[in-house]
Structures are given as C-alpha cells and as structure tokens.
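I have placed the structure first, in the form of structure tokens, so that the comments after it can refer back to it.
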Amino acid sequence: MSQVAVVTGAAGGIGSATVRQLHADGMTVVALDLDAEAAAAVSPDSYRLDVTDADQVADVMSRILERYGHVDVLVNNAGIAGSAAATTAHETPVADFDLVMAVNVRGPFLCARALLPAMMNAGSGHIITIASVAGIVAFPGRFAYTASKGAAIQLARSIAIDYGHLGIRSNSICPGMVETPMTQWRLDQPELRARVEAQIPVGRVATPAEIADAVSVLASGRLAYANGTALVIDGGWTSW
Ligand SMILES: NC(=O)c1ccc[n+]([C@@H]2O[C@H](COP(=O)([O-])OP(=O)(O)OC[C@H]3O[C@@H](n4cnc5c(N)ncnc54)[C@H](O)[C@@H]3O)[C@@H](O)[C@H]2O)c1
C-alpha cells in the first residue's frame, strides 16, 4: 500500500519541490494550496485549501481520508513572510501580525488537528512542519515572522511529546534562505543577494530541492528516532 503524504502550500517553491520529491520516492501526494490551479499542476490529486479556515481544513482532510483511508505524512509547509515592509513590533500593523500567525501557526494547528485522530487510529503518522531558522534566532525587522516560526517549532514539539507514545512523530525543518517566490524579490537585487550570501558559510542560498530532500529523509521513516527535532538546514548561516 502506497504511503500517502499531504503537503500544504504545495504550489510554492519548497512545496512544489517537496511534492515532486515525495512522488519520486513512491508516495501518493495530495497537493493543497490557496492557488488551486497551481496545486493541480504539481499533483494529479489536489485541492484548493486555505489553511487558516477551520471548516475548509476539516472538510478537505476528511475527503482525503475518505479517499485513501489513511494519511501517513502531513507536511505543514504553507507559510507567508508578511508584508515586504515587515517591521519591528511597535510598527507592525495588527492585521499583518494576525495574518502571519494565522497562516504559519493556526494553519499547522488546524491541519494537525484534523489528521491526528486518523493517525491515532492507525497507530502511526508523521507531521513535518516547515518552520525556519527565524524560529531559532531573531531576524531584525521581521517581528511577526520570527514570532510565528518560534511558535511553529514549539507546536511541532508539543505534538511530539503528546503523541509520541501513540506511534506518531512530529518534527520541524528550519531552512535558512531558500530561493523561492517568497525571497525572489530580495535575491533579484544583486546587492541584497551579495549581502545575504556573504553571511552564509557555504556562500549561497539553498535550492527548494535541498529542503525537499530533508522532508524526504524524514518522511521516509529513516531518522526514525527523531521526534520533536528542529532540523536546521541553513548552510551554516546560524552557526557563526
Ligand atoms: N524561502 C525561504 O527562504 C524560507 C526559509 C525558511 C522557511 N521557509 C518556509 O517554507 C515554507 C514555504 O515557503 P516558500 O519559500 O516555498 O514560499 P512560497 O511563497 O514559494 O510558497 C508558499 C505557498 O503557500 C501558499 N499559501 C499561502 N497562504 C496560504 C494559505 N492560507 N493556505 C494555503 N496555502 C497558502 C502560497 O499560495 C504558496 O503556494 C513557508 O512556511 C516558509 O515560511 C521559507
């Protein structure tokens, strides 16, 4: 029986690379994204899903469970950086903060909440949350994003300790800078790219495929003792 993986934010840079990699690994992959057309382009099985909408999440996850009977891996990947002019705490518009927290924290909560009962029945499952190194070290002027990714790492750890004894594991991946639509505006400016790359010991940003590789290894069941881990994949950026 093929393993079933569900990937949120599947139309984006890291999401689409993850869908491709998990397909290549032989998994059945359900692609979920706000952008239905783009999600359909990456997987034959896709749904439009806004991860912040509790009713939609419950509905889509139950349709997936009805169709396949089980979900082995949930990849909580959908995420937003907040406005390009993201700022310090006192300057952050409340609506920006709420939206970033809704996508980056409420989303993973709702998706995990919808799938955990089926994973508990199965006695197995793996929830992989794409957090960020911004959840470990603070980025200047990225208040909402930094706060949300710290919360995402702790959300993953909380699930790890509450469900580990039921055969369900939960880990997060903390990428450094990855070249995707989220970061393209910055990396397209040669000066900004040079400044970022100068801070990264390996001298370059990551490709989405390099983050998908980390998801693939975790999803494969290798690293089977990893639970509650925040796996940093950042070229050494935060090791200075
Ligand atoms: N690119 C980086 O440098 C980087 C670094 C660390 C962590 N991350 C994290 O990786 C994840 C993927 O980022 P990316 O760089 O591929 O970004 P991206 O912008 O390329 O893709 C994000 C995807 O999420 C979808 N999305 C946004 N809001 C959604 C919602 N409410 N419901 C469902 N889907 C929604 C978008 O439509 C898009 O397809 C995010 O959680 C991001 O925070 C990215």
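Chain labels A, B, ... are given in the sequence in which chains occur in the structure tokens; within each chain residues are numbered consecutively from 1, and ligands are likewise numbered from 1 in the order shown.
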
ask   = Residues within 8 Å of ligand 1 (only C-alpha atoms and all ligand atoms), as JSON, numbers by chain?
value = {"A": [8, 9, 10, 11, 12, 13, 14, 15, 16, 32, 33, 34, 35, 38, 39, 48, 49, 50, 51, 52, 53, 76, 77, 78, 79, 80, 81, 102, 103, 104, 107, 129, 130, 131, 132, 133, 134, 145, 149, 174, 175, 176, 177, 178, 179, 180, 181, 182, 183, 206, 208]}

ask   = What lies within 7 Å of segment 55-68 of chain A using only C-alpha atoms, ignoring chain neighbours under 6 positions off, as a PyMOL selection string?
value = chain A and resi 49+110-111+114-115

Residue subset to file, keeping C-alpha atoms, as a CSV table (one decimal), in the first residue's frame:
chain,number,residue,atom,x,y,z
A,49,LEU,CA,-7.3,24.9,0.7
A,110,LEU,CA,-5.7,23.1,12.1
A,111,CYS,CA,-4.2,20.6,9.7
A,114,ALA,CA,-7.8,17.3,11.5
A,115,LEU,CA,-5.5,14.4,10.8

inquiry  = Run DSSP on the backbone and tell me which residues of segment 58-102 of chain A come out as helix (DSSP H, G or I); list them as a list in words.
reply    =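 Here is the list: Ala58, Asp59, Val60, Met61, Ser62, Arg63, Ile64, Leu65, Glu66, Arg67, Tyr68, Ala89, His90, Glu91, Val94, Ala95, Asp96, Phe97, Asp98, Leu99, Val100, Met101 and Ala102 of chain A.
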
Only C-alpha atoms, please: the residues just picked out, written as a PDB file, in the first residue's frame.
ATOM      1  CA  ALA A  58     -11.809  19.792   8.287  1.00  0.00           C
ATOM      2  CA  ASP A  59     -13.705  19.258   5.039  1.00  0.00           C
ATOM      3  CA  VAL A  60     -10.675  18.734   2.773  1.00  0.00           C
ATOM      4  CA  MET A  61      -8.858  16.454   5.240  1.00  0.00           C
ATOM      5  CA  SER A  62     -11.958  14.296   5.698  1.00  0.00           C
ATOM      6  CA  ARG A  63     -12.324  13.988   1.908  1.00  0.00           C
ATOM      7  CA  ILE A  64      -8.690  12.886   1.665  1.00  0.00           C
ATOM      8  CA  LEU A  65      -9.186  10.338   4.457  1.00  0.00           C
ATOM      9  CA  GLU A  66     -12.347   9.053   2.798  1.00  0.00           C
ATOM     10  CA  ARG A  67     -10.499   8.583  -0.477  1.00  0.00           C
ATOM     11  CA  TYR A  68      -7.323   6.910   0.823  1.00  0.00           C
ATOM     12  CA  ALA A  89       6.935  45.143  16.979  1.00  0.00           C
ATOM     13  CA  HIS A  90       5.515  48.626  17.590  1.00  0.00           C
ATOM     14  CA  GLU A  91       5.308  49.331  13.853  1.00  0.00           C
ATOM     15  CA  VAL A  94      -2.133  44.249  13.922  1.00  0.00           C
ATOM     16  CA  ALA A  95      -3.751  42.826  10.781  1.00  0.00           C
ATOM     17  CA  ASP A  96      -0.314  41.816   9.393  1.00  0.00           C
ATOM     18  CA  PHE A  97       0.567  40.068  12.646  1.00  0.00           C
ATOM     19  CA  ASP A  98      -2.760  38.241  12.736  1.00  0.00           C
ATOM     20  CA  LEU A  99      -2.425  37.057   9.128  1.00  0.00           C
ATOM     21  CA  VAL A 100       1.153  35.793   9.557  1.00  0.00           C
ATOM     22  CA  MET A 101       0.197  33.946  12.742  1.00  0.00           C
ATOM     23  CA  ALA A 102      -2.944  32.556  11.085  1.00  0.00           C
TER      24      ALA A 102
END

query = Mind pulling up the distance from atom CA of Ala54 of chain A to atom CA of Thr92 of chain A?
reply = 25.3 Å

inquiry  = If you run DSSP on the backbone here, which positions in segment 128-175 of chain A get strand (DSSP E)? Please write them as a PyMOL selection string.
reply    = chain A and resi 128-130+168-175

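For segment 150-157 of chain A, the residues within 8 Å (counting only C-alpha atoms, excluding itself and residues fewer than 6 positions away along the chain) are Asn104, Val105, Pro108, Phe109, Ile127, Ile128, Thr129, Ala131, Ala134, Gly135, Ile136, Ser170, Asn171, Ser172, Asn227, Gly228, Thr229 and Ala230 of chain A.
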
Taking C-alpha atoms for each residue, export the selection above as a tab-separated table (two decimals), in the first residue's frame.
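Here's the written file again.tsv:
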chain	number	residue	atom	x	y	z
A	104	ASN	CA	2.15	30.00	9.92
A	105	VAL	CA	0.74	28.79	13.26
A	108	PRO	CA	-0.32	23.82	11.05
A	109	PHE	CA	-2.52	23.50	14.16
A	127	ILE	CA	3.84	15.55	10.99
A	128	ILE	CA	6.62	17.60	9.41
A	129	THR	CA	6.35	21.35	9.86
A	131	ALA	CA	9.46	26.34	10.29
A	134	ALA	CA	13.87	32.61	12.17
A	135	GLY	CA	12.22	30.46	14.84
A	136	ILE	CA	15.59	29.88	16.50
A	170	SER	CA	6.35	15.37	14.82
A	171	ASN	CA	9.42	17.25	13.66
A	172	SER	CA	10.16	20.64	12.16
A	227	ASN	CA	10.83	13.29	17.36
A	228	GLY	CA	10.47	16.93	18.38
A	229	THR	CA	13.62	17.78	16.44
A	230	ALA	CA	14.08	21.17	14.76

query = With distances taken over only C-alpha atoms, which of A:Ala219, A:Ala84, A:Ala138, A:Val196 is nearest to His23 of chain A?
reply = A:Ala219

task = Tell me which protein, DNA and RNA residues are within 7 Å of Gly236 of chain A, counting only C-alpha atoms, leaving out same-chain ones fewer than 5 positions away, and put them as JSON, numbers by chain.
result = {"A": [200, 201, 202]}

Put those residues in a file: N, CA and C atoms, as a short mmCIF file (atom, residue, chain, number, x, y, z; two decimals), in the first residue's frame.
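out.cif, written as the output of this step:
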data_model
loop_
_atom_site.label_atom_id
_atom_site.label_comp_id
_atom_site.auth_asym_id
_atom_site.auth_seq_id
_atom_site.Cartn_x
_atom_site.Cartn_y
_atom_site.Cartn_z
N ILE A 200 26.44 33.56 4.69
CA ILE A 200 26.21 32.12 4.70
C ILE A 200 27.54 31.40 4.45
N PRO A 201 28.01 30.58 5.42
CA PRO A 201 29.32 29.95 5.26
C PRO A 201 29.51 29.21 3.95
N VAL A 202 28.50 28.54 3.41
CA VAL A 202 28.70 27.83 2.14
C VAL A 202 28.60 28.78 0.94
#

request  = Can you pull out every residue within 8 Å of Thr18 of chain A, counting only C-alpha atoms, but drop anything in the same chain fewer than 5 positions away, and send it as an MDAnalysis selection string?
outcome  = chainID A and resid 7 10 208:209 211:213 215:216

request  = Could you check how far atom CA of Val6 of chain A sits from atom CA of Leu74 of chain A, in Å to one decimal?
outcome  =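 For atom CA of Val6 of chain A relative to atom CA of Leu74 of chain A, the distance reads 4.9 Å.
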
task = One decimal, Å: what's the distance from atom CA of Arg169 of chain A over to atom CA of Gly123 of chain A, could you say?
result = 10.5 Å

request  = For Ala214 of chain A, please output as an NGL selection string all residues within 9 Å (counting only C-alpha atoms; exclusion window: fewer than 4 positions along the same chain).
outcome  = :A and (173 or 209-210 or 218-219 or 231 or 233)

inquiry  = Just checking: using only C-alpha atoms, which residue out of A:Pro117, A:Val137, A:Asp234, A:Ala160 ends up closest to Glu197 of chain A?
reply    = A:Asp234
